[in-house]
Amino acid sequence: MNYVDVAQARTMPGLRIVLSPGGPGPWSEAAKSICYVKKLSYVPVAQEVGGANRELMEWTAQTSAPAVIWNDERPRNIWNDQLYLFERLAPSPRLIPEGIEDRVAMFGYSNEICGENGLGWARRLMMFQRNLSRSDGGGRGRALMGPMAEKYGYSESAAQQAPVRVAEILRSLARRLESQRSSGSRFFIGNELSALDIYWAAFAAMMAPLPQEVCPMAPGLRRMYSDIGAEVAAELTPALLAHRDFIYREYLQLPLDF
Ligand SMILES: N[C@@H](CCC(=O)N[C@@H](CS)C(=O)NCC(=O)O)C(=O)O
């Protein structure tokens, strides 16, 4: 991935996406995957993971990735805003279902994965807890994790609750997939690919990263993503992982490149 820096990106027109380099950040990977499916080209811009990101703050009024900027329009910093923009710029293939019931379900489940207090959020709290409670103080990880833990709502009690939340969401996704399968669909919603399938595929990395050949990660990051505990492991069913594999195999780009 050839990143430009924020200062340079601000002078450019078109679609620019600020991404976290170095690993499969699930929100970033989902945005990249949606662009891939829609054949939307964009300029990748580097965020500094855990850093101050002052120029990004000036540009987008926040410091997380992904941030999506189209021409002079307001920056889109949240997954659903980003999805609406991508859908507008490239309506085909449609990733937001047309029928209202399907649309409500798609956004509801996607919010459970991507939204505040959702699966990605809660998994991250679990990672902070593991890291911050290490007997060696977490080493280099701690310098990175400390500021991020604060930014993303870490507290000991929130972290205690996190595996329960992750497990609950996985259970619900697995039930949905099973009922779709029994009515003859291979997708979470209706009979075609929606953004929900892509969100699931991207966020599954936070529990079971794809093999190193297609998802090259630093060993520490891979360990952190894979260290899910018994409660979450019990709900991460073979069917959920098979669905992740199906979506990557049929629709997305491998190997991943960050
Ligand atoms: N704002 C995004 C979520 C983005 C997000 O949480 N990004 C994290 C990914 S772990 C990030 O940028 N972390 C690195 C940092 O904050 O420096 C959304 O709601 O769609």
# chains A, B, ... in the order shown; residues from 1 in each chain; ligands from 1
>>> residues_near_ligand(ligand="ligand 1", cutoff="7 Å", atoms="only C-alpha atoms and all ligand atoms", output="list in words")
Ser20, Gly25, Pro26, Trp27, Glu48, Val49, Gly50, Gly51, Thr63, Ser64, Ala65, Pro66, Asn77, Ile78, Trp79, Asn80, Cys114, Gly115, Glu116 and Met148 of chain A
>>> write_last_selection(atoms="C-alpha atoms", output="mmCIF file, in the first residue's frame")
data_model
loop_
_atom_site.group_PDB
_atom_site.id
_atom_site.type_symbol
_atom_site.label_atom_id
_atom_site.label_comp_id
_atom_site.auth_asym_id
_atom_site.auth_seq_id
_atom_site.Cartn_x
_atom_site.Cartn_y
_atom_site.Cartn_z
ATOM 1 C CA SER A 20 -4.059 2.400 9.957
ATOM 2 C CA GLY A 25 -7.591 -2.865 11.527
ATOM 3 C CA PRO A 26 -11.138 -4.158 11.069
ATOM 4 C CA TRP A 27 -12.834 -0.830 10.338
ATOM 5 C CA GLU A 48 -0.394 6.997 13.067
ATOM 6 C CA VAL A 49 -1.807 4.210 15.259
ATOM 7 C CA GLY A 50 -2.057 5.441 18.835
ATOM 8 C CA GLY A 51 -0.376 8.731 17.875
ATOM 9 C CA THR A 63 -7.936 11.012 15.122
ATOM 10 C CA SER A 64 -9.116 7.457 14.305
ATOM 11 C CA ALA A 65 -8.944 5.488 11.104
ATOM 12 C CA PRO A 66 -10.608 4.997 8.739
ATOM 13 C CA ASN A 77 -15.536 9.246 10.181
ATOM 14 C CA ILE A 78 -18.079 6.572 11.110
ATOM 15 C CA TRP A 79 -18.700 3.287 9.290
ATOM 16 C CA ASN A 80 -22.342 3.939 8.359
ATOM 17 C CA CYS A 114 -18.971 -1.922 14.007
ATOM 18 C CA GLY A 115 -20.761 0.494 16.338
ATOM 19 C CA GLU A 116 -19.856 1.822 19.749
ATOM 20 C CA MET A 148 -5.875 4.264 23.069
#
>>> residues_around(residues="Val166 of chain A", least_positions_apart="5", cutoff="10 Å", atoms="only C-alpha atoms", output="short mmCIF file (atom, residue, chain, number, x, y, z; two decimals) with C-alpha atoms, in the first residue's frame")
data_model
loop_
_atom_site.label_atom_id
_atom_site.label_comp_id
_atom_site.auth_asym_id
_atom_site.auth_seq_id
_atom_site.Cartn_x
_atom_site.Cartn_y
_atom_site.Cartn_z
CA GLU A 112 -23.61 -4.73 16.52
CA ILE A 113 -20.32 -5.42 14.74
CA ASN A 117 -20.10 -1.03 22.30
CA GLY A 118 -20.34 -3.51 19.44
CA LEU A 119 -18.17 -6.53 18.68
CA GLY A 120 -15.10 -4.60 17.48
CA TRP A 121 -15.33 -2.16 20.34
CA ALA A 122 -15.72 -4.87 23.00
CA ARG A 123 -12.95 -7.05 21.53
CA MET A 126 -10.52 -7.19 25.96
CA GLN A 161 -18.37 -7.10 30.48
CA ARG A 171 -24.40 -16.04 18.95
CA ILE A 228 -9.96 -14.60 22.74
CA GLU A 231 -16.24 -17.52 26.45
CA VAL A 232 -15.71 -16.00 23.00
CA GLU A 235 -19.34 -18.91 20.19
CA LEU A 236 -16.94 -18.57 17.26
#
>>> residues_around(residues="Pro238 of chain A", least_positions_apart="2", cutoff="12 Å", atoms="only C-alpha atoms", output="JSON, numbers by chain")
{"A": [170, 174, 177, 178, 204, 208, 233, 234, 235, 236, 240, 241, 242, 243, 244, 245]}
>>> write_last_selection(atoms="C-alpha atoms", output="short mmCIF file (atom, residue, chain, number, x, y, z; two decimals), in the first residue's frame")
data_model
loop_
_atom_site.label_atom_id
_atom_site.label_comp_id
_atom_site.auth_asym_id
_atom_site.auth_seq_id
_atom_site.Cartn_x
_atom_site.Cartn_y
_atom_site.Cartn_z
CA LEU A 170 -21.47 -13.91 17.83
CA ALA A 174 -24.51 -17.50 14.04
CA LEU A 177 -26.52 -17.35 9.35
CA GLU A 178 -28.15 -20.67 10.23
CA ALA A 204 -13.50 -11.82 12.32
CA ALA A 208 -9.21 -15.46 14.17
CA ALA A 233 -14.10 -19.15 21.58
CA ALA A 234 -17.23 -21.13 22.47
CA GLU A 235 -19.34 -18.91 20.19
CA LEU A 236 -16.94 -18.57 17.26
CA LEU A 240 -19.14 -18.24 11.12
CA LEU A 241 -15.52 -18.82 10.10
CA ALA A 242 -16.59 -20.66 6.94
CA HIS A 243 -18.72 -17.64 6.05
CA ARG A 244 -15.71 -15.35 6.53
CA ASP A 245 -13.68 -17.64 4.23
#
>>> residues_around(residues="segment 97-100 of chain A", least_positions_apart="2", cutoff="9 Å", atoms="only C-alpha atoms", output="ChimeraX atom specification")
/A:94-95,102-106,189-190,192,194-195
>>> write_last_selection(atoms="N, CA, C and O atoms", output="PDB file, in the first residue's frame")
ATOM      1  N   ARG A  94     -24.905  -3.058  -5.291  1.00  0.00           N
ATOM      2  CA  ARG A  94     -25.570  -2.515  -4.118  1.00  0.00           C
ATOM      3  C   ARG A  94     -25.145  -3.290  -2.867  1.00  0.00           C
ATOM      4  O   ARG A  94     -25.190  -4.515  -2.858  1.00  0.00           O
ATOM      5  N   LEU A  95     -24.728  -2.570  -1.825  1.00  0.00           N
ATOM      6  CA  LEU A  95     -24.382  -3.252  -0.568  1.00  0.00           C
ATOM      7  C   LEU A  95     -25.336  -2.879   0.559  1.00  0.00           C
ATOM      8  O   LEU A  95     -25.251  -3.413   1.662  1.00  0.00           O
ATOM      9  N   ASP A 102     -34.988  -5.790   5.137  1.00  0.00           N
ATOM     10  CA  ASP A 102     -33.595  -6.209   4.972  1.00  0.00           C
ATOM     11  C   ASP A 102     -32.635  -5.095   5.365  1.00  0.00           C
ATOM     12  O   ASP A 102     -31.583  -5.339   5.948  1.00  0.00           O
ATOM     13  N   ARG A 103     -33.021  -3.865   5.022  1.00  0.00           N
ATOM     14  CA  ARG A 103     -32.134  -2.736   5.342  1.00  0.00           C
ATOM     15  C   ARG A 103     -32.019  -2.539   6.862  1.00  0.00           C
ATOM     16  O   ARG A 103     -30.933  -2.337   7.396  1.00  0.00           O
ATOM     17  N   VAL A 104     -33.141  -2.620   7.524  1.00  0.00           N
ATOM     18  CA  VAL A 104     -33.139  -2.493   8.990  1.00  0.00           C
ATOM     19  C   VAL A 104     -32.256  -3.591   9.603  1.00  0.00           C
ATOM     20  O   VAL A 104     -31.431  -3.324  10.483  1.00  0.00           O
ATOM     21  N   ALA A 105     -32.422  -4.806   9.112  1.00  0.00           N
ATOM     22  CA  ALA A 105     -31.621  -5.921   9.649  1.00  0.00           C
ATOM     23  C   ALA A 105     -30.142  -5.694   9.345  1.00  0.00           C
ATOM     24  O   ALA A 105     -29.278  -5.886  10.212  1.00  0.00           O
ATOM     25  N   MET A 106     -29.850  -5.265   8.126  1.00  0.00           N
ATOM     26  CA  MET A 106     -28.442  -5.082   7.732  1.00  0.00           C
ATOM     27  C   MET A 106     -27.771  -4.033   8.624  1.00  0.00           C
ATOM     28  O   MET A 106     -26.677  -4.260   9.158  1.00  0.00           O
ATOM     29  N   ILE A 189     -28.050 -11.456   4.685  1.00  0.00           N
ATOM     30  CA  ILE A 189     -29.292 -10.735   4.386  1.00  0.00           C
ATOM     31  C   ILE A 189     -29.758 -11.122   2.983  1.00  0.00           C
ATOM     32  O   ILE A 189     -28.957 -11.057   2.038  1.00  0.00           O
ATOM     33  N   GLY A 190     -31.025 -11.459   2.864  1.00  0.00           N
ATOM     34  CA  GLY A 190     -31.602 -11.760   1.550  1.00  0.00           C
ATOM     35  C   GLY A 190     -30.799 -12.812   0.809  1.00  0.00           C
ATOM     36  O   GLY A 190     -30.260 -13.741   1.423  1.00  0.00           O
ATOM     37  N   GLU A 192     -28.297 -11.934  -1.523  1.00  0.00           N
ATOM     38  CA  GLU A 192     -27.067 -11.425  -2.123  1.00  0.00           C
ATOM     39  C   GLU A 192     -26.138 -10.788  -1.102  1.00  0.00           C
ATOM     40  O   GLU A 192     -26.528 -10.543   0.047  1.00  0.00           O
ATOM     41  N   SER A 194     -24.218  -8.273   1.064  1.00  0.00           N
ATOM     42  CA  SER A 194     -24.468  -6.923   1.580  1.00  0.00           C
ATOM     43  C   SER A 194     -23.234  -6.507   2.385  1.00  0.00           C
ATOM     44  O   SER A 194     -22.322  -7.307   2.625  1.00  0.00           O
ATOM     45  N   ALA A 195     -23.231  -5.250   2.808  1.00  0.00           N
ATOM     46  CA  ALA A 195     -22.095  -4.759   3.590  1.00  0.00           C
ATOM     47  C   ALA A 195     -21.903  -5.591   4.853  1.00  0.00           C
ATOM     48  O   ALA A 195     -20.777  -5.760   5.330  1.00  0.00           O
TER      49      ALA A 195
END
>>> closest_residue(among="A:Asn71, A:Ser157, A:Ser92, A:Thr60", to="Leu193 of chain A", atoms="only C-alpha atoms")
A:Ser92
>>> closest_residue(among="A:Leu83, A:Ala167, A:Ala158, A:Ala46", to="Phe107 of chain A", atoms="only C-alpha atoms")
A:Leu83
>>> closest_residue(among="A:Asp81, A:Pro24, A:Leu252, A:Val68", to="Met206 of chain A", atoms="only C-alpha atoms")
A:Pro24
>>> select_by_dssp(residues="segment 21-124 of chain A", states="strand (DSSP E or B)", output="NGL selection string")
:A and (43-46 or 67-70 or 76)
>>> write_last_selection(atoms="N, CA, C and O atoms", output="compact mmCIF listing (two decimals), in the first residue's frame")
# COMPACT_ATOMS: atom_id res chain seq x y z
N VAL A 43 -7.06 7.27 -2.75
CA VAL A 43 -5.68 7.49 -2.31
C VAL A 43 -5.59 7.07 -0.84
O VAL A 43 -6.31 7.61 0.00
N PRO A 44 -4.72 6.07 -0.52
CA PRO A 44 -4.58 5.68 0.88
C PRO A 44 -3.70 6.69 1.64
O PRO A 44 -2.65 7.10 1.15
N VAL A 45 -4.15 7.06 2.80
CA VAL A 45 -3.46 8.06 3.61
C VAL A 45 -3.11 7.42 4.96
O VAL A 45 -3.95 6.72 5.53
N ALA A 46 -1.90 7.64 5.44
CA ALA A 46 -1.47 6.95 6.67
C ALA A 46 -1.90 7.69 7.93
O ALA A 46 -1.64 8.88 8.10
N ALA A 67 -10.87 7.29 8.06
CA ALA A 67 -11.64 8.50 7.77
C ALA A 67 -11.71 8.59 6.24
O ALA A 67 -10.71 8.30 5.57
N VAL A 68 -12.85 8.94 5.74
CA VAL A 68 -13.06 8.95 4.29
C VAL A 68 -13.41 10.36 3.85
O VAL A 68 -14.34 10.96 4.40
N ILE A 69 -12.66 10.87 2.88
CA ILE A 69 -12.89 12.25 2.44
C ILE A 69 -13.09 12.28 0.92
O ILE A 69 -12.22 11.82 0.17
N TRP A 70 -14.23 12.83 0.52
CA TRP A 70 -14.55 12.94 -0.91
C TRP A 70 -14.56 14.43 -1.27
O TRP A 70 -15.35 15.21 -0.72
N ARG A 76 -16.09 11.77 6.41
CA ARG A 76 -16.93 10.70 6.97
C ARG A 76 -16.06 9.87 7.91
O ARG A 76 -15.13 9.19 7.45
>>> atom_distance(atom1="atom CA of Met145 of chain A", atom2="atom CA of Asn131 of chain A")
7.5 Å
>>> residues_around(residues="Phe258 of chain A", least_positions_apart="2", cutoff="7 Å", atoms="only C-alpha atoms", output="PDB file with N, CA, C and O atoms, in the first residue's frame")
ATOM      1  N   MET A   1       0.865  -1.192   0.000  1.00  0.00           N
ATOM      2  CA  MET A   1       0.000   0.000   0.000  1.00  0.00           C
ATOM      3  C   MET A   1       0.899   1.238   0.000  1.00  0.00           C
ATOM      4  O   MET A   1       1.777   1.360   0.863  1.00  0.00           O
ATOM      5  N   PRO A  21      -1.862   1.848   8.990  1.00  0.00           N
ATOM      6  CA  PRO A  21      -0.921   0.920   8.352  1.00  0.00           C
ATOM      7  C   PRO A  21      -0.461  -0.158   9.327  1.00  0.00           C
ATOM      8  O   PRO A  21      -0.553   0.018  10.542  1.00  0.00           O
ATOM      9  N   GLY A  22      -0.001  -1.283   8.799  1.00  0.00           N
ATOM     10  CA  GLY A  22       0.728  -2.256   9.622  1.00  0.00           C
ATOM     11  C   GLY A  22      -0.062  -3.458  10.096  1.00  0.00           C
ATOM     12  O   GLY A  22       0.523  -4.400  10.618  1.00  0.00           O
ATOM     13  N   GLY A  23      -1.366  -3.456   9.969  1.00  0.00           N
ATOM     14  CA  GLY A  23      -2.127  -4.617  10.432  1.00  0.00           C
ATOM     15  C   GLY A  23      -3.569  -4.508   9.968  1.00  0.00           C
ATOM     16  O   GLY A  23      -3.979  -3.457   9.476  1.00  0.00           O
ATOM     17  N   PRO A  24      -4.326  -5.614  10.121  1.00  0.00           N
ATOM     18  CA  PRO A  24      -5.715  -5.607   9.661  1.00  0.00           C
ATOM     19  C   PRO A  24      -6.647  -4.922  10.662  1.00  0.00           C
ATOM     20  O   PRO A  24      -7.380  -5.586  11.382  1.00  0.00           O
ATOM     21  N   LEU A 256      -4.070  -9.752   1.910  1.00  0.00           N
ATOM     22  CA  LEU A 256      -4.344  -8.415   2.430  1.00  0.00           C
ATOM     23  C   LEU A 256      -3.058  -7.588   2.365  1.00  0.00           C
ATOM     24  O   LEU A 256      -1.952  -8.118   2.442  1.00  0.00           O
TER      25      LEU A 256
END
>>> residues_around(residues="Glu55 of chain A", least_positions_apart="6", cutoff="10 Å", atoms="only C-alpha atoms", output="JSON, numbers by chain")
{"A": [5, 6, 7, 10, 47, 61, 62, 63]}
>>> closest_residue(among="A:Leu89, A:Pro13, A:Ala239, A:Arg223", to="Ser179 of chain A", atoms="only C-alpha atoms")
A:Ala239
>>> atom_distance(atom1="atom CA of Tyr251 of chain A", atom2="atom CA of Pro211 of chain A")
17.6 Å
>>> atom_distance(atom1="atom CA of Glu250 of chain A", atom2="atom CA of Ile96 of chain A")
18.6 Å
